[in-house]
Every structure is written in structure tokens, then in C-alpha cells.
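What follows is the content of work21.tsv (TSV, C-alpha atoms).
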```
chain	number	residue	atom	x	y	z
A	27	MET	CA	-9.54	22.25	-6.91
A	28	ILE	CA	-9.85	19.12	-9.02
A	29	LYS	CA	-13.42	17.80	-9.11
A	30	ASP	CA	-12.42	14.30	-8.01
A	31	SER	CA	-9.82	15.23	-5.41
A	32	ILE	CA	-9.78	13.42	-2.09
A	33	THR	CA	-10.78	15.36	1.00
A	34	GLY	CA	-8.77	15.42	4.21
A	35	GLU	CA	-11.61	13.53	5.85
A	36	ARG	CA	-11.38	10.79	3.21
A	37	TYR	CA	-7.61	10.49	3.76
A	38	GLU	CA	-8.31	9.90	7.45
A	39	GLU	CA	-10.97	7.30	6.58
A	40	ILE	CA	-8.48	5.46	4.36
A	41	LYS	CA	-5.90	5.41	7.18
A	42	GLU	CA	-8.58	3.86	9.40
A	43	VAL	CA	-9.32	1.17	6.77
A	44	VAL	CA	-5.60	0.35	6.63
A	45	ALA	CA	-5.44	0.12	10.43
A	46	ASP	CA	-8.61	-1.99	10.54
A	47	MET	CA	-7.13	-4.38	7.99
A	48	TYR	CA	-3.92	-4.87	9.94
A	49	GLU	CA	-5.75	-5.19	13.27
A	50	ASP	CA	-8.28	-7.68	11.87
A	51	LEU	CA	-5.44	-9.81	10.47
A	52	GLY	CA	-3.21	-9.40	13.52
A	53	TYR	CA	-0.50	-8.19	11.17
A	54	THR	CA	2.26	-6.09	12.77
A	55	GLU	CA	5.42	-6.73	10.77
A	56	PHE	CA	7.30	-4.51	8.40
A	57	PRO	CA	8.51	-4.35	5.82
A	58	VAL	CA	5.04	-5.60	4.99
A	59	ASN	CA	5.04	-8.96	3.24
A	60	VAL	CA	2.30	-8.38	0.65
A	61	TYR	CA	2.35	-12.05	-0.36
A	62	GLU	CA	1.54	-13.11	3.21
A	63	LEU	CA	-1.04	-10.35	3.46
A	64	CYS	CA	-2.79	-11.65	0.31
A	65	HIS	CA	-2.71	-15.16	1.72
A	66	ARG	CA	-4.38	-13.98	4.93
A	67	LEU	CA	-6.96	-12.01	2.94
A	68	GLY	CA	-7.74	-14.96	0.65
A	69	ILE	CA	-6.48	-13.15	-2.44
A	70	ARG	CA	-4.93	-15.28	-5.15
A	71	LEU	CA	-1.75	-13.90	-6.73
A	72	ILE	CA	-0.94	-14.66	-10.35
A	73	LYS	CA	2.32	-13.70	-12.03
A	74	TYR	CA	2.21	-12.49	-15.61
A	75	SER	CA	4.98	-14.97	-16.43
A	76	ALA	CA	2.73	-17.87	-15.36
A	77	LEU	CA	0.13	-16.95	-17.99
A	78	LYS	CA	-0.12	-18.22	-21.55
A	79	PRO	CA	1.55	-15.83	-24.03
A	80	ASP	CA	-1.73	-14.39	-25.34
A	81	CYS	CA	-2.96	-13.84	-21.76
A	82	THR	CA	0.33	-12.14	-20.87
A	83	GLU	CA	-0.09	-9.83	-23.84
A	84	TYR	CA	-3.64	-9.03	-22.73
A	85	SER	CA	-2.42	-8.44	-19.16
A	86	MET	CA	0.25	-6.02	-20.34
A	87	HIS	CA	-2.45	-4.22	-22.31
A	88	CYS	CA	-4.52	-3.89	-19.10
A	89	SER	CA	-1.54	-2.66	-17.09
A	90	ASP	CA	2.23	-2.85	-17.17
A	91	ASP	CA	2.17	-3.36	-13.39
A	92	GLY	CA	-0.90	-5.38	-12.42
A	93	PHE	CA	-4.65	-5.51	-12.09
A	94	LEU	CA	-7.46	-7.06	-10.06
A	95	LEU	CA	-10.27	-9.43	-11.04
A	96	PHE	CA	-12.93	-11.26	-9.08
A	97	ASN	CA	-13.08	-14.94	-10.04
A	98	ILE	CA	-16.73	-15.93	-9.71
A	99	ASP	CA	-15.98	-19.66	-10.05
A	100	ARG	CA	-13.41	-19.60	-7.23
A	101	GLY	CA	-15.24	-16.95	-5.23
A	102	CYS	CA	-12.09	-14.93	-4.66
A	103	TYR	CA	-10.16	-11.92	-5.84
A	104	GLN	CA	-7.16	-12.49	-8.05
A	105	VAL	CA	-4.32	-10.01	-8.38
A	106	TYR	CA	-2.35	-10.34	-11.58
A	107	TYR	CA	1.08	-8.72	-11.42
A	108	ASN	CA	4.10	-8.22	-13.63
A	109	ASP	CA	6.80	-10.26	-11.93
A	110	ARG	CA	9.44	-8.71	-14.19
A	111	MET	CA	9.19	-5.41	-12.33
A	112	PRO	CA	11.54	-4.60	-9.44
A	113	PRO	CA	10.43	-6.22	-6.15
A	114	GLU	CA	9.65	-2.85	-4.54
A	115	ARG	CA	7.35	-1.93	-7.40
A	116	ILE	CA	5.64	-5.32	-7.26
A	117	ARG	CA	4.95	-4.80	-3.54
A	118	PHE	CA	3.40	-1.39	-4.23
A	119	THR	CA	1.32	-2.79	-7.11
A	120	ILE	CA	-0.04	-5.64	-5.01
A	121	MET	CA	-0.85	-3.30	-2.12
A	122	HIS	CA	-2.54	-0.94	-4.59
A	123	GLU	CA	-4.78	-3.79	-5.75
A	124	ILE	CA	-5.51	-4.80	-2.14
A	125	ALA	CA	-6.60	-1.20	-1.65
A	126	HIS	CA	-9.26	-1.49	-4.33
A	127	ILE	CA	-10.72	-4.47	-2.47
A	128	MET	CA	-10.52	-2.93	1.00
A	129	LEU	CA	-11.96	0.39	-0.20
A	130	GLU	CA	-14.72	-1.46	-2.06
A	131	HIS	CA	-14.01	0.21	-5.38
A	132	THR	CA	-16.26	-1.03	-8.15
A	133	LYS	CA	-15.21	1.30	-10.95
A	134	HIS	CA	-11.94	2.44	-12.46
A	135	THR	CA	-11.84	6.19	-11.84
A	136	ALA	CA	-9.07	8.71	-11.31
A	137	LYS	CA	-10.29	9.27	-7.77
A	138	ASN	CA	-10.27	5.54	-6.97
A	139	GLU	CA	-6.74	5.26	-8.35
A	140	GLN	CA	-5.66	8.20	-6.17
A	141	GLU	CA	-7.28	6.56	-3.13
A	142	ALA	CA	-5.63	3.20	-3.88
A	143	ASN	CA	-2.23	4.87	-4.22
A	144	PHE	CA	-2.71	6.65	-0.89
A	145	PHE	CA	-3.82	3.40	0.76
A	146	ALA	CA	-0.76	1.57	-0.61
A	147	LYS	CA	1.61	4.31	0.51
A	148	THR	CA	0.04	4.43	3.97
A	149	ALA	CA	-0.03	0.65	4.33
A	150	LEU	CA	3.61	0.22	3.28
A	151	VAL	CA	5.06	3.29	5.03
A	152	PRO	CA	2.97	4.75	7.85
A	153	LEU	CA	4.22	8.35	7.94
A	154	GLY	CA	4.12	8.42	11.73
A	155	MET	CA	6.65	5.57	11.86
A	156	ILE	CA	9.26	7.78	10.23
A	157	TYR	CA	8.68	10.30	13.00
A	158	LYS	CA	8.59	7.66	15.75
A	159	LEU	CA	11.73	5.84	14.53
A	160	ARG	CA	13.54	9.13	13.81
A	161	LEU	CA	14.49	8.04	10.31
A	162	SER	CA	16.33	10.88	8.67
A	163	ASN	CA	16.94	10.07	5.01
A	164	SER	CA	15.66	8.21	1.96
A	165	PHE	CA	18.12	5.35	2.39
A	166	GLU	CA	17.03	4.60	5.97
A	167	ILE	CA	13.38	4.76	4.94
A	168	ALA	CA	13.91	2.54	1.88
A	169	ASP	CA	15.81	-0.01	3.96
A	170	THR	CA	13.37	0.00	6.90
A	171	PHE	CA	10.22	-0.33	4.80
A	172	GLY	CA	11.55	-2.28	1.81
A	173	ILE	CA	10.67	0.38	-0.75
A	174	SER	CA	12.54	1.92	-3.64
A	175	ILE	CA	14.76	4.97	-3.17
A	176	GLU	CA	12.47	6.95	-5.50
A	177	PHE	CA	9.43	6.07	-3.38
A	178	ALA	CA	11.42	6.89	-0.22
A	179	ARG	CA	12.35	10.30	-1.65
A	180	ASN	CA	8.65	11.02	-2.23
A	181	ILE	CA	7.91	9.96	1.34
A	182	VAL	CA	10.68	12.25	2.64
A	183	ALA	CA	9.22	15.18	0.70
A	184	GLN	CA	5.77	14.46	2.16
A	185	TYR	CA	7.24	14.03	5.64
A	186	ASN	CA	9.15	17.32	5.39
A	187	LYS	CA	5.93	19.11	4.39
A	188	SER	CA	4.16	17.60	7.38
A	189	MET	CA	6.94	18.84	9.70
A	190	ILE	CA	5.74	22.37	8.94
A	191	TYR	CA	2.70	21.46	11.03
A	192	PRO	CA	4.07	19.60	14.08
A	193	SER	CA	0.58	18.81	15.38
A	194	ILE	CA	-0.01	16.70	12.26
A	195	CYS	CA	3.20	14.77	12.94
A	196	GLU	CA	2.20	14.20	16.53
A	197	ARG	CA	-1.24	12.98	15.44
A	198	GLU	CA	0.40	10.72	12.87
A	199	ALA	CA	2.88	9.45	15.45
A	200	ASN	CA	0.06	8.46	17.77
A	201	ASN	CA	-2.29	6.88	15.27
A	202	ARG	CA	-3.36	3.26	15.29
A	203	LEU	CA	-0.88	2.19	12.61
A	204	VAL	CA	2.05	3.45	14.62
A	205	ALA	CA	0.69	1.76	17.73
A	206	LEU	CA	0.52	-1.54	15.84
A	207	PHE	CA	3.88	-1.40	14.13
A	208	TYR	CA	5.98	0.53	16.63
A	209	GLN	CA	5.46	-2.01	19.40
A	210	GLU	CA	6.49	-4.84	17.07
A	211	LYS	CA	9.58	-2.92	15.92
A	212	MET	CA	10.66	-2.21	19.50
A	213	GLU	CA	10.25	-5.86	20.47
A	214	VAL	CA	12.29	-7.02	17.45
A	215	GLY	CA	14.79	-4.15	17.38
```

Can you turn what I pasted into C-alpha cells?
Amino acid sequence: MIKDSITGERYEEIKEVVADMYEDLGYTEFPVNVYELCHRLGIRLIKYSALKPDCTEYSMHCSDDGFLLFNIDRGCYQVYYNDRMPPERIRFTIMHEIAHIMLEHTKHTAKNEQEANFFAKTALVPLGMIYKLRLSNSFEIADTFGISIEFARNIVAQYNKSMIYPSICEREANNRLVALFYQEKMEVG
């Protein structure tokens, strides 16, 4: 076992933080509009292309995708993101940075990165929704949740593993995220 691996209990805690965030904001739409989510959370978004050339170079050195800073003068978080990436990747990057805020990460560690990735994945594609909506392939999942086919394939692989343990799927299908999003989908759909 890797020293900094996330426990099953921590995964459940992260799912609860995601659900709390959506409930607190009254947010029930998907695909999730990360720009609207940032607006509701008071997070300022800054595109790499809007920066001066030397700042863009520095930003790319920090991360090809994006990063998070707290602006003391403005009293808010700022997410810097590479707007030259595909839209699906930008959405994941922004949600990943939101995760660092919501999970109260203060250091850059492998474990925090793993937690932020899990948060982003859970926030963008609640696994139980795939079960509840009976989505059967990567294309349906990508279209429904506004994610890339590659990301959808990873989700399908995870979903198929979870089907080995039906009780996990049932628990996922009845969790708070599904309750929030499924009702909205049924009213719209």
C-alpha cells in the first residue's frame, strides 16, 4: 500500500463534501457549468491568454493546465487556467482547483492531488448517476456529463469494477449526489 493512499473512509468524506457544496449552492444541473459554480463560490477565473506574456510563461511553468492562488488584496481565490486546452479538460482542471479549496488543502502533496482528482471526477460525474440513468457506453456518458471520451472510458472502467459489488452500486445510486441531480434530470428530461 502506498503511504499516502486515500482510505475508503476518506473517499466517502470527499463525496459528502461534494454533496454539501452542491446543496449549499442549490446547484442541481449537469453537465456542471464550472464557470457558474466558480461565480457562486466567489472564485475568480483567469485565462492564461489574458495574462502578460511573462506571466503566461510563468503560469505554464506552474502547470500546463491550471493552478490556484489566494489573492490577499481581493480576499478571494483565483483559478488560473490554460484556455487553449480542450473544453472538457478545462472543466476538469477548474473543478480540480475548486476541490483544493473545498477540501481545505494547504500544501501541494501527491495525496492532495489524488483527493482533488477524485473530488473533480465525483463532482463532474457522480458514479451513481450512470447506474440511475442506465447509461451504457462511453459516448452516452461523455455526452450526458460533458466530458471527454477518454475520461468517459475511465469512468466506464471504474463503473464496471463497481458492478462486481452490486451493493456498492446501490449505495452509490442512493447517495445525496444522485438525489440532487437525478430529480433535476427527470424534471428536464

For each of A:Glu139, A:Thr33, A:Ala168, A:Asp80, take the minimum atom-to-atom distance to Phe93 in chain A, counting only C-alpha atoms, then give the residue where this is smallest. A:Glu139

Spatial neighbours of range 67-78 of chain A, 9 Å, only C-alpha atoms, chain gap at least 2 places, as a PyMOL selection string: chain A and resi 51+61-65+80-83+85-86+92+102-110+120+124

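Proximity to Leu153 in chain A was assessed for A:Asn138, A:Asn97, A:Asn180, A:Asn59 counting only C-alpha atoms; the smallest distance is recorded for A:Asn180.
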
Distance CA of Ala183 in chain A-CA of Thr135 in chain A, one decimal place?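 Here the two named atoms are 26.1 Å from each other.
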
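One finds CA of Leu95 in chain A at 19.5 Å from CA of Arg115 in chain A.
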
Env of Tyr37 in chain A: 12 Å cut, atoms = only C-alpha atoms, seq-sep filter 6 positions within chain, self excluded. Answer as a count of residues only. 13

Calculate how many Å separate CA of Met155 in chain A from CA of Gly52 in chain A, rounding to one decimal.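 It comes out at 18.0 Å.
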
Distance query Ala45 in chain A at most 12 Å, all atoms listed in the file, self and fewer than 5 positions along chain excluded, as JSON, numbers by chain: {"A": [38, 39, 40, 50, 51, 52, 53, 54, 128, 145, 148, 149, 150, 152, 201, 202, 203, 204, 205, 206, 207]}
